[in-house]
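Trainee: Questions regarding the structure given below will be posed in turn.
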Amino acid sequence: CSNKSGKIKLTILPLPDIKLVNQDADNTICNGEKVMVYFSGGAKYDLYFNNSLLKSNAQTPYVFNSINDNDSIHLFGTGFNSCKSLSNTLKFKVLALPVIDISNPDADNSHCFGEPVTINFSGGVSYSLFKNNLSWKTITSSSMVFNDIADKDELFAVGTSSNGCIDTSGKLVFKVWPIPTIPVITQNGNELSSSYTYGNQWYEGATQIPGATQQ
């Protein structure tokens with residue numbers, strides 16, 4: 001014996017089109033750079049990081065404070081019709097930061113007023129130089145000479161590498177000595193004396209007299 005059942009009408013619901021978007025379209029960032037991603041196409045999102053669930057019911061936008069090279073993220077989204085679907089996957093390339101250095105050939109950063117000061121730069125292709133925490137000069141060479149350094153000035157550089165990443169150098173703090181006044185020479189018989197009690201160097205004409213440094 002046989003008989004027919006009633007009919008069942010099936011409704012096929014569409015899968016949600018879950019999209020995951022990064023502000024930086026090529027997913028290439030510098031080390032330490034934050035990443036902000038946006039979700040769309042669903043009512044609820046589960047966020048996966050390197051194929052492990054990171055955050056259930058994640059909210060858009062979502063910020064990653066730390067991303068490493070080759071890390072990947074994707075979504076498992078639920079649509080408004082309760083159907084579920086996977087998003088695209090974002091895989092990241094993380095570029096190394098440059099090691100930016102500035103140096104002064106005079107290791108103690110001590111100079112006389114008005115004396116030219118040479119600063120050497122390394123680690124980047126261009127540098128934004130700051131003096132006393134204020135933007136001062138843009139440098140594209142590996143060395144520059146300045147004559148406008150004052151006592152207690154602090155210099156540091158923000159350098160950009162060829163891959164576009166930036167980092168900051170350490171600081172140079174300068175000691176600038178004032179130019180002394182011209183000494184007064186007094187003659188007493190056959191003896192000459194300087195008004196300075198120290199720091200003298202005697203000359204005969206244009207010739208330095210060896211050892212003649214007394215007052």
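Ordering of the structure tokens sets the chain letters (A, B, ...); residue numbers start at 1 within each chain; ligands are numbered from 1 in the order shown.
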Can you tell me, as a PyMOL selection string, what residues are no more than 8 Å from range 160-164 of chain A when counting only C-alpha atoms, ignoring any on the same chain fewer than 3 positions away?
Mentor: chain A and resi 95+97-98+123-127+167
Trainee: I'd like the neighbourhood of Asn133 in chain A as a JSON list (two decimals) with all heavy atoms, in the first residue's frame, where a residue qualifies if any of its atoms comes within 10 Å (using only C-alpha atoms), though same-chain residues fewer than 6 positions away should be ignored.
Mentor:
```json
[["chain", "number", "residue", "atom", "x", "y", "z"],
["A", 153, "ASP", "N", 69.96, 73.69, 24.68],
["A", 153, "ASP", "CA", 69.09, 73.22, 23.60],
["A", 153, "ASP", "C", 69.09, 71.70, 23.56],
["A", 153, "ASP", "O", 70.13, 71.05, 23.78],
["A", 153, "ASP", "CB", 69.56, 73.75, 22.24],
["A", 153, "ASP", "CG", 69.02, 75.14, 21.93],
["A", 153, "ASP", "OD1", 68.13, 75.61, 22.66],
["A", 153, "ASP", "OD2", 69.49, 75.74, 20.95],
["A", 154, "GLU", "N", 67.92, 71.13, 23.28],
["A", 154, "GLU", "CA", 67.76, 69.69, 23.14],
["A", 154, "GLU", "C", 67.31, 69.38, 21.72],
["A", 154, "GLU", "O", 66.34, 69.98, 21.23],
["A", 154, "GLU", "CB", 66.73, 69.14, 24.13],
["A", 154, "GLU", "CG", 67.13, 69.30, 25.58],
["A", 154, "GLU", "CD", 66.11, 68.70, 26.54],
["A", 154, "GLU", "OE1", 65.01, 68.31, 26.07],
["A", 154, "GLU", "OE2", 66.40, 68.61, 27.74],
["A", 155, "LEU", "N", 68.00, 68.45, 21.07],
["A", 155, "LEU", "CA", 67.64, 68.06, 19.71],
["A", 155, "LEU", "C", 67.30, 66.57, 19.66],
["A", 155, "LEU", "O", 67.94, 65.76, 20.32],
["A", 155, "LEU", "CB", 68.80, 68.31, 18.74],
["A", 155, "LEU", "CG", 69.32, 69.73, 18.56],
["A", 155, "LEU", "CD1", 70.37, 69.75, 17.46],
["A", 155, "LEU", "CD2", 68.20, 70.69, 18.24],
["A", 156, "PHE", "N", 66.28, 66.24, 18.88],
["A", 156, "PHE", "CA", 66.03, 64.84, 18.53],
["A", 156, "PHE", "C", 65.41, 64.81, 17.14],
["A", 156, "PHE", "O", 64.94, 65.84, 16.62],
["A", 156, "PHE", "CB", 65.15, 64.13, 19.55],
["A", 156, "PHE", "CG", 63.72, 64.60, 19.59],
["A", 156, "PHE", "CD1", 62.75, 64.00, 18.79],
["A", 156, "PHE", "CD2", 63.32, 65.61, 20.44],
["A", 156, "PHE", "CE1", 61.44, 64.41, 18.83],
["A", 156, "PHE", "CE2", 62.01, 66.04, 20.50],
["A", 156, "PHE", "CZ", 61.06, 65.44, 19.69],
["A", 157, "ALA", "N", 65.43, 63.65, 16.52],
["A", 157, "ALA", "CA", 64.93, 63.52, 15.15],
["A", 157, "ALA", "C", 63.87, 62.43, 15.07],
["A", 157, "ALA", "O", 63.98, 61.40, 15.73],
["A", 157, "ALA", "CB", 66.07, 63.21, 14.19]]
```
Trainee: Counting only C-alpha atoms, what is within 9 Å of range 82-85 of chain A, bar same-chain residues fewer than 3 positions away, as a ChimeraX atom specification?
Mentor: /A:13-18,42-43,75-79
Trainee: Could you list, as a list in words, every residue within 12 Å of Asn68 in chain A, counting only C-alpha atoms and ignoring same-chain residues fewer than 4 positions away?
Mentor: Asn27, Thr28, Ile29, Cys30, Asn31, Gly32, Glu33, Lys34, Val35, Phe49, Asn50, Phe64, Ser72, Ile73, Lys91, Phe92, Lys93, Val94, Leu95 and Ala96 of chain A
Trainee: Name the residues in contact with range 189-195 of chain A at a cut-off of 12 Å, using only C-alpha atoms, excluding same-chain residues fewer than 6 positions from it; report them as a PyMOL selection string.
Mentor: chain A and resi 180-183+201-204+212-215
Trainee: As a ChimeraX atom specification, list the residues of range 13-59 of chain A assigned to strand (DSSP E) by DSSP on the backbone atoms of this structure.
Mentor: /A:19-22,28-30,35-40,44-49,52-55
Trainee: Convert the current residue selection to file output with N, CA, C and O atoms, as a short mmCIF file (atom, residue, chain, number, x, y, z; two decimals), in the first residue's frame.
Mentor:
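Output file out_28.cif follows:
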```cif
data_model
loop_
_atom_site.label_atom_id
_atom_site.label_comp_id
_atom_site.auth_asym_id
_atom_site.auth_seq_id
_atom_site.Cartn_x
_atom_site.Cartn_y
_atom_site.Cartn_z
N LYS A 19 31.44 41.20 5.41
CA LYS A 19 32.66 41.85 4.91
C LYS A 19 33.50 42.37 6.08
O LYS A 19 32.96 42.88 7.07
N LEU A 20 34.80 42.22 5.93
CA LEU A 20 35.79 42.70 6.90
C LEU A 20 36.73 43.64 6.16
O LEU A 20 37.36 43.24 5.17
N VAL A 21 36.84 44.87 6.61
CA VAL A 21 37.61 45.89 5.89
C VAL A 21 38.60 46.54 6.85
O VAL A 21 38.26 46.87 7.99
N ASN A 22 39.82 46.73 6.35
CA ASN A 22 40.87 47.43 7.09
C ASN A 22 41.04 48.81 6.48
O ASN A 22 40.98 48.98 5.26
N THR A 28 49.34 46.33 5.09
CA THR A 28 50.76 46.46 5.43
C THR A 28 50.90 47.60 6.43
O THR A 28 50.47 48.72 6.17
N ILE A 29 51.49 47.28 7.58
CA ILE A 29 51.61 48.28 8.65
C ILE A 29 53.03 48.29 9.18
O ILE A 29 53.83 47.38 8.91
N CYS A 30 53.34 49.32 9.95
CA CYS A 30 54.62 49.39 10.65
C CYS A 30 54.48 48.76 12.02
O CYS A 30 53.40 48.78 12.62
N VAL A 35 45.67 48.88 14.41
CA VAL A 35 44.87 48.51 13.23
C VAL A 35 43.39 48.62 13.59
O VAL A 35 42.94 48.04 14.60
N MET A 36 42.64 49.34 12.76
CA MET A 36 41.19 49.47 12.97
C MET A 36 40.47 48.79 11.80
O MET A 36 40.71 49.12 10.65
N VAL A 37 39.60 47.82 12.14
CA VAL A 37 38.86 47.10 11.11
C VAL A 37 37.35 47.34 11.29
O VAL A 37 36.88 47.61 12.40
N TYR A 38 36.63 47.21 10.19
CA TYR A 38 35.19 47.46 10.18
C TYR A 38 34.46 46.22 9.67
O TYR A 38 34.97 45.49 8.79
N PHE A 39 33.27 45.97 10.23
CA PHE A 39 32.44 44.83 9.84
C PHE A 39 31.18 45.35 9.15
O PHE A 39 30.67 46.42 9.48
N SER A 40 30.65 44.54 8.24
CA SER A 40 29.35 44.87 7.64
C SER A 40 28.70 43.61 7.13
O SER A 40 29.36 42.58 6.94
N LYS A 44 25.37 40.19 13.87
CA LYS A 44 26.23 39.76 14.97
C LYS A 44 27.50 39.19 14.36
O LYS A 44 27.47 38.55 13.30
N TYR A 45 28.63 39.43 15.05
CA TYR A 45 29.92 39.00 14.49
C TYR A 45 30.75 38.33 15.58
O TYR A 45 30.89 38.86 16.68
N ASP A 46 31.33 37.20 15.22
CA ASP A 46 32.36 36.57 16.05
C ASP A 46 33.69 36.79 15.35
O ASP A 46 33.85 36.43 14.17
N LEU A 47 34.64 37.35 16.07
CA LEU A 47 35.92 37.75 15.48
C LEU A 47 36.97 36.69 15.78
O LEU A 47 37.16 36.30 16.94
N TYR A 48 37.66 36.25 14.74
CA TYR A 48 38.70 35.22 14.88
C TYR A 48 40.06 35.83 14.55
O TYR A 48 40.22 36.58 13.59
N PHE A 49 41.03 35.46 15.39
CA PHE A 49 42.41 35.94 15.23
C PHE A 49 43.31 34.71 15.11
O PHE A 49 43.36 33.87 16.01
N SER A 52 41.55 31.42 15.76
CA SER A 52 41.01 31.16 17.09
C SER A 52 40.04 32.29 17.46
O SER A 52 40.31 33.46 17.16
N LEU A 53 38.95 31.92 18.12
CA LEU A 53 37.96 32.92 18.50
C LEU A 53 38.59 33.94 19.45
O LEU A 53 39.10 33.59 20.50
N LEU A 54 38.53 35.19 19.04
CA LEU A 54 39.07 36.26 19.86
C LEU A 54 37.97 36.98 20.63
O LEU A 54 38.13 37.29 21.81
N LYS A 55 36.87 37.25 19.95
CA LYS A 55 35.81 38.04 20.57
C LYS A 55 34.46 37.63 20.00
O LYS A 55 34.23 37.71 18.80
#
```
